[in-house]
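Just work16.csv here, CSV, C-alpha atoms and all ligand atoms:
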chain,number,residue,atom,x,y,z
A,254,LEU,CA,0.1,-21.7,-10.0
A,255,GLU,CA,0.8,-23.7,-13.1
A,256,PRO,CA,4.4,-24.9,-13.9
A,257,LYS,CA,6.9,-22.5,-15.4
A,258,GLU,CA,6.5,-23.6,-19.0
A,259,GLU,CA,3.4,-21.4,-19.3
A,260,PHE,CA,5.5,-18.2,-19.4
A,261,GLN,CA,8.4,-19.3,-21.5
A,262,HIS,CA,7.5,-17.0,-24.4
A,263,SER,CA,9.1,-13.9,-22.9
A,264,SER,CA,5.9,-12.5,-21.4
A,265,LEU,CA,6.4,-9.5,-19.2
A,266,THR,CA,4.5,-8.6,-16.1
A,267,ALA,CA,3.0,-5.7,-18.1
A,268,ASP,CA,1.1,-8.3,-20.2
A,269,VAL,CA,-0.6,-9.8,-17.2
A,270,MET,CA,-1.0,-7.0,-14.7
A,271,ARG,CA,-4.2,-5.0,-14.2
A,272,PRO,CA,-5.6,-2.5,-15.0
A,273,ARG,CA,-5.5,-2.9,-18.7
A,274,ARG,CA,-6.0,0.3,-20.8
A,275,SER,CA,-9.7,-0.4,-21.2
A,276,ASP,CA,-10.2,-1.1,-17.4
A,277,PRO,CA,-11.1,1.4,-14.8
A,278,PRO,CA,-8.0,2.9,-13.1
A,279,LEU,CA,-6.3,1.2,-10.1
A,280,ALA,CA,-8.4,1.8,-7.0
A,281,VAL,CA,-6.1,3.4,-4.4
A,282,LEU,CA,-6.4,5.0,-1.0
A,283,THR,CA,-4.5,8.2,-0.2
A,284,GLN,CA,-2.4,8.3,3.0
A,285,GLU,CA,-4.5,11.3,4.2
A,286,GLY,CA,-7.4,13.4,3.0
A,287,MET,CA,-10.1,10.7,2.6
A,288,THR,CA,-13.0,10.5,4.9
A,289,VAL,CA,-14.4,7.3,6.5
A,290,GLU,CA,-17.4,7.6,4.1
A,291,GLU,CA,-15.2,7.9,1.0
A,292,VAL,CA,-13.1,4.9,2.0
A,293,GLU,CA,-16.3,2.8,2.7
A,294,ALA,CA,-17.7,3.9,-0.7
A,295,LEU,CA,-14.5,2.9,-2.5
A,296,VAL,CA,-14.3,-0.5,-0.7
A,297,GLU,CA,-18.0,-1.2,-1.3
A,298,SER,CA,-18.0,-0.2,-5.0
A,299,THR,CA,-15.3,-2.9,-5.7
A,300,HIS,CA,-14.6,-6.5,-4.8
A,301,TYR,CA,-10.8,-6.1,-4.7
A,302,SER,CA,-9.0,-7.9,-1.9
A,303,GLY,CA,-6.8,-5.0,-1.2
A,304,PHE,CA,-5.8,-1.4,-2.0
A,305,PRO,CA,-2.4,0.3,-2.5
A,306,VAL,CA,-2.0,3.3,-0.2
A,307,VAL,CA,-0.4,6.2,-2.1
A,308,VAL,CA,0.9,9.6,-1.1
A,309,SER,CA,-1.6,11.4,-3.3
A,310,GLN,CA,-3.9,10.8,-6.3
A,311,ASP,CA,-1.5,12.8,-8.4
A,312,SER,CA,1.8,11.1,-7.5
A,313,HIS,CA,0.7,7.5,-6.8
A,314,ARG,CA,3.9,7.2,-4.9
A,315,LEU,CA,3.5,4.0,-2.9
A,316,VAL,CA,3.1,4.1,0.9
A,317,GLY,CA,1.9,0.5,1.4
A,318,PHE,CA,-0.9,-2.0,0.9
A,319,VAL,CA,-4.0,-2.5,2.9
A,320,LEU,CA,-6.3,-5.6,2.8
A,321,ARG,CA,-10.0,-5.1,2.3
A,322,ARG,CA,-10.9,-7.2,5.2
A,323,ASP,CA,-8.6,-5.3,7.6
A,324,LEU,CA,-10.1,-2.0,6.4
A,325,LEU,CA,-13.7,-3.2,6.9
A,326,ILE,CA,-13.0,-4.7,10.3
A,327,SER,CA,-11.1,-1.6,11.5
A,328,ILE,CA,-13.8,0.9,10.3
A,329,ASP,CA,-16.5,-1.2,11.8
A,330,ASN,CA,-14.7,-1.4,15.2
A,331,ALA,CA,-14.0,2.3,15.2
A,332,ARG,CA,-17.6,3.2,14.4
A,333,LYS,CA,-18.8,1.0,17.2
A,334,ARG,CA,-16.2,1.7,19.9
A,335,GLN,CA,-14.1,4.8,19.1
A,336,GLU,CA,-15.8,7.8,20.4
A,337,GLY,CA,-16.6,10.4,17.8
A,338,VAL,CA,-15.6,8.5,14.7
A,339,VAL,CA,-18.2,9.2,12.1
A,340,GLY,CA,-18.6,9.2,8.3
A,341,ALA,CA,-16.9,12.6,8.0
A,342,SER,CA,-13.8,11.6,10.1
A,343,GLN,CA,-10.5,11.7,8.2
A,344,VAL,CA,-8.8,8.4,7.6
A,345,VAL,CA,-5.1,8.8,8.3
A,346,PHE,CA,-2.5,6.2,7.2
A,347,THR,CA,0.5,8.5,8.0
A,348,GLU,CA,2.4,8.3,11.3
A,349,HIS,CA,1.8,12.0,12.1
A,350,SER,CA,-0.9,14.3,10.8
A,351,PRO,CA,-1.7,17.9,11.4
A,352,ALA,CA,-4.1,18.4,14.3
A,353,PRO,CA,-7.7,18.4,13.1
A,354,ALA,CA,-9.7,21.7,13.1
A,355,ASP,CA,-11.6,22.3,16.3
A,356,ASP,CA,-15.0,21.5,14.9
A,357,ALA,CA,-13.7,18.4,12.9
A,358,PRO,CA,-14.6,14.9,14.2
A,359,PRO,CA,-11.5,12.9,15.5
A,360,PRO,CA,-9.5,11.2,12.8
A,361,LEU,CA,-9.4,7.4,12.3
A,362,ARG,CA,-5.8,6.3,12.4
A,363,LEU,CA,-5.2,3.2,10.4
A,364,ARG,CA,-1.4,3.1,9.9
A,365,GLY,CA,-1.3,-0.1,12.0
A,366,ILE,CA,-3.1,-2.2,9.3
A,367,VAL,CA,-0.9,-1.0,6.4
A,368,ASP,CA,1.8,-3.4,5.0
A,369,LEU,CA,4.6,-0.8,4.7
A,370,SER,CA,6.9,-2.9,2.5
A,371,PRO,CA,4.7,-4.9,0.1
A,372,PHE,CA,6.4,-7.1,-2.4
A,373,THR,CA,6.9,-5.4,-5.8
A,374,VAL,CA,8.0,-6.1,-9.3
A,375,THR,CA,8.2,-3.8,-12.3
A,376,ASP,CA,6.2,-3.9,-15.5
A,377,HIS,CA,9.3,-5.2,-17.3
A,378,THR,CA,10.0,-8.1,-14.9
A,379,PRO,CA,9.8,-11.3,-17.0
A,380,MET,CA,6.7,-13.3,-16.0
A,381,ASP,CA,8.6,-16.4,-15.1
A,382,ILE,CA,10.4,-14.5,-12.4
A,383,THR,CA,7.2,-12.9,-11.2
A,384,VAL,CA,5.6,-16.4,-11.0
A,385,ASP,CA,8.6,-17.6,-9.0
A,386,ILE,CA,8.2,-14.8,-6.6
A,387,PHE,CA,4.5,-15.7,-6.1
A,388,ARG,CA,5.4,-19.3,-5.6
A,389,LYS,CA,8.3,-18.9,-3.3
A,390,LEU,CA,6.7,-16.3,-1.1
A,391,GLY,CA,3.2,-17.6,-1.2
A,392,LEU,CA,1.8,-14.3,-2.4
A,393,ARG,CA,-1.8,-13.5,-3.2
A,394,GLN,CA,-0.9,-10.2,-4.9
A,395,CYS,CA,2.1,-8.1,-5.8
A,396,LEU,CA,2.4,-4.4,-6.7
A,397,VAL,CA,3.9,-3.2,-10.0
A,398,THR,CA,6.0,-0.1,-9.3
A,399,LYS,CA,8.3,2.4,-11.1
A,400,LEU,CA,11.9,3.1,-10.2
A,401,LEU,CA,12.4,6.2,-8.0
A,402,GLY,CA,15.9,5.7,-6.6
A,403,ILE,CA,18.4,3.4,-4.9
A,404,ILE,CA,19.5,3.0,-1.3
A,405,THR,CA,22.7,1.2,-0.3
A,406,LYS,CA,24.0,-0.1,3.0
A,407,LYS,CA,26.4,2.9,3.1
A,408,ASP,CA,23.6,5.4,2.6
A,409,ILE,CA,21.8,3.9,5.6
A,410,LEU,CA,25.0,3.9,7.8
A,411,LYS,CA,25.7,7.6,6.9
A,412,HIS,CA,22.1,8.5,7.6
A,413,MET,CA,22.2,6.7,11.0
A,414,ALA,CA,25.5,8.4,11.9
A,415,ASN,CA,23.9,11.8,11.2
A,416,ASP,CA,20.9,10.8,13.2
A,417,CYS,CA,23.2,9.8,16.1
A,418,GLN,CA,25.0,13.2,16.1
A,419,GLN,CA,21.6,14.9,16.5
A,420,ARG,CA,20.3,12.4,19.1
A,421,PRO,CA,23.5,11.1,20.8
A,422,ARG,CA,21.6,8.6,23.0
A,423,LEU,CA,20.9,6.4,20.0
A,424,HIS,CA,23.4,4.0,18.6
A,425,PRO,CA,23.4,2.7,15.0
A,426,LEU,CA,22.4,-0.9,14.7
A,427,GLN,CA,25.1,-3.1,13.1
A,428,LEU,CA,24.1,-3.7,9.5
B,501,LIG,P1,-8.2,-12.2,-7.2
B,501,LIG,O1,-7.6,-12.0,-8.6
B,501,LIG,O2,-7.5,-13.2,-6.3
B,501,LIG,O3,-9.7,-12.5,-7.3
B,501,LIG,P2,-8.8,-9.5,-6.4
B,501,LIG,O4,-10.3,-9.7,-6.1
B,501,LIG,O5,-8.1,-8.6,-5.4
B,501,LIG,O6,-8.0,-10.8,-6.4
B,501,LIG,O7,-8.6,-8.9,-7.8
B,501,LIG,C1,-9.5,-9.1,-8.9
B,501,LIG,C2,-8.9,-8.4,-10.1
B,501,LIG,O8,-8.8,-7.0,-9.9
B,501,LIG,C3,-7.5,-8.8,-10.5
B,501,LIG,O9,-7.4,-8.9,-11.9
B,501,LIG,C4,-6.6,-7.8,-10.0
B,501,LIG,O10,-5.4,-7.6,-10.7
B,501,LIG,C5,-7.5,-6.5,-10.0
B,501,LIG,N1,-7.3,-5.7,-8.8
B,501,LIG,C6,-7.0,-6.0,-7.6
B,501,LIG,N2,-6.9,-5.0,-6.7
B,501,LIG,C7,-7.2,-3.9,-7.5
B,501,LIG,C8,-7.2,-2.5,-7.2
B,501,LIG,N3,-7.0,-2.0,-6.0
B,501,LIG,N4,-7.5,-1.7,-8.3
B,501,LIG,C9,-7.8,-2.2,-9.5
B,501,LIG,N5,-7.7,-3.5,-9.8
B,501,LIG,C10,-7.4,-4.3,-8.9
Could the structure of this file be written out as structure tokens, please?
Amino acid sequence: LEPKEEFQHSSLTADVMRPRRSDPPLAVLTQEGMTVEEVEALVESTHYSGFPVVVSQDSHRLVGFVLRRDLLISIDNARKRQEGVVGASQVVFTEHSPAPADDAPPPLRLRGIVDLSPFTVTDHTPMDITVDIFRKLGLRQCLVTKLLGIITKKDILKHMANDCQQRPRLHPLQL
């Protein structure tokens, strides 16, 4: 990346991110509900290096990010080796999913290839900061997200304490 001077004129991430208004929408995968065939069609109809995984097409709440190459390799392997995986198999990026109907082909579970905490900025992050993040972390891409909430260390400790009461064998890790 070029030196910082390039972005001194108060550019925001929104000025550089894609898609632009005139572009096709962001190509995303849903965490469940797509078939192997649909995922293959999406991947083959674009050249993008990766795809955000979202909760649903309506919400676009972020689950993670999956690389094109990992998707293609996993689907190819599964088609060759995993018994019963066909074009109509459901692709599942969730940890648990409802049992498939009796006559449905077995699902293809791909949670293992999802980066579950991809780096993010907001559309209002100044570009010089975004460039710094790319440089310091050696990123190839970064997702642009909206604010949904906040989590503090105390929120986590309270949650872990509750969890412990329900499952007394577990001890909270020291944060
Ligand atoms: P690069 O920019 O390194 O060639 P990509 O091929 O992944 O990387 O991206 C090409 C262009 O498409 C970039 O402008 C990027 O912002 C955009 N892009 C990348 N992934 C997606 C996606 N899943 N949906 C829509 N646009 C994307």
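Among the candidates A:Val296, A:Leu401, A:Ile326, A:Val307, the one nearest to Val281 in chain A when counting only C-alpha atoms is A:Val307.
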Please identify all protein, DNA and RNA residues within 8 Å of ligand LIG 501 (chain B), counting all atoms listed in the file, and report them as number ranges by chain.
A: 270-272, 277-281, 300-305, 393-394
Write out the residues from the selection above, keeping C-alpha atoms, as a JSON list (two decimals), in the frame of the given file.
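Output file result-v3.json follows:
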[["chain", "number", "residue", "atom", "x", "y", "z"],
["A", 270, "MET", "CA", -1.00, -7.00, -14.70],
["A", 271, "ARG", "CA", -4.20, -5.00, -14.20],
["A", 272, "PRO", "CA", -5.60, -2.50, -15.00],
["A", 277, "PRO", "CA", -11.10, 1.40, -14.80],
["A", 278, "PRO", "CA", -8.00, 2.90, -13.10],
["A", 279, "LEU", "CA", -6.30, 1.20, -10.10],
["A", 280, "ALA", "CA", -8.40, 1.80, -7.00],
["A", 281, "VAL", "CA", -6.10, 3.40, -4.40],
["A", 300, "HIS", "CA", -14.60, -6.50, -4.80],
["A", 301, "TYR", "CA", -10.80, -6.10, -4.70],
["A", 302, "SER", "CA", -9.00, -7.90, -1.90],
["A", 303, "GLY", "CA", -6.80, -5.00, -1.20],
["A", 304, "PHE", "CA", -5.80, -1.40, -2.00],
["A", 305, "PRO", "CA", -2.40, 0.30, -2.50],
["A", 393, "ARG", "CA", -1.80, -13.50, -3.20],
["A", 394, "GLN", "CA", -0.90, -10.20, -4.90]]
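If you count all atoms listed in the file and ignore residues fewer than 6 places along the chain from Val397 in chain A, what sits within 7 Å of it is Thr373, Val374, Thr375 and Asp376 of chain A.
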Selected residues written out with C-alpha atoms, as a PDB file, in the coordinates of the input:
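Output file out10.pdb follows:
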ATOM      1  CA  THR A 373       6.900  -5.400  -5.800  1.00  0.00           C
ATOM      2  CA  VAL A 374       8.000  -6.100  -9.300  1.00  0.00           C
ATOM      3  CA  THR A 375       8.200  -3.800 -12.300  1.00  0.00           C
ATOM      4  CA  ASP A 376       6.200  -3.900 -15.500  1.00  0.00           C
TER       5      ASP A 376
END
Identify which of the residues A:Gln418, A:Thr347, A:Thr299, A:Ser370 lies closest to Leu396 in chain A, counting all atoms listed in the file when measuring atom-to-atom distances.
A:Ser370
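Atom to atom, CA of Arg362 in chain A and CA of Glu348 in chain A stand 8.5 Å apart.
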Atomic distance CA of Ser309 in chain A - CA of Met287 in chain A, expressed in Å with one decimal
10.4 Å
Could you name the residues that touch Val292 in chain A at 10 Å or less, counting only C-alpha atoms, but leaving out those on the same chain fewer than 2 positions away, as a PyMOL selection string?
chain A and resi 281-283+287-290+294-298+324-325+328+340+343-344
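Nearest to Gly317 in chain A of all the residues A:Gln335, A:Ser342, A:Thr266, A:Thr398 is A:Thr398, counting only C-alpha atoms.
Counting all atoms listed in the file and comparing A:Phe372, A:Pro379, A:Ala267, A:Val345, the residue that lies closest to Leu392 in chain A is A:Phe372.
The gap separating CA of Arg364 in chain A from CA of Asp329 in chain A is 15.8 Å, in Å to one decimal.
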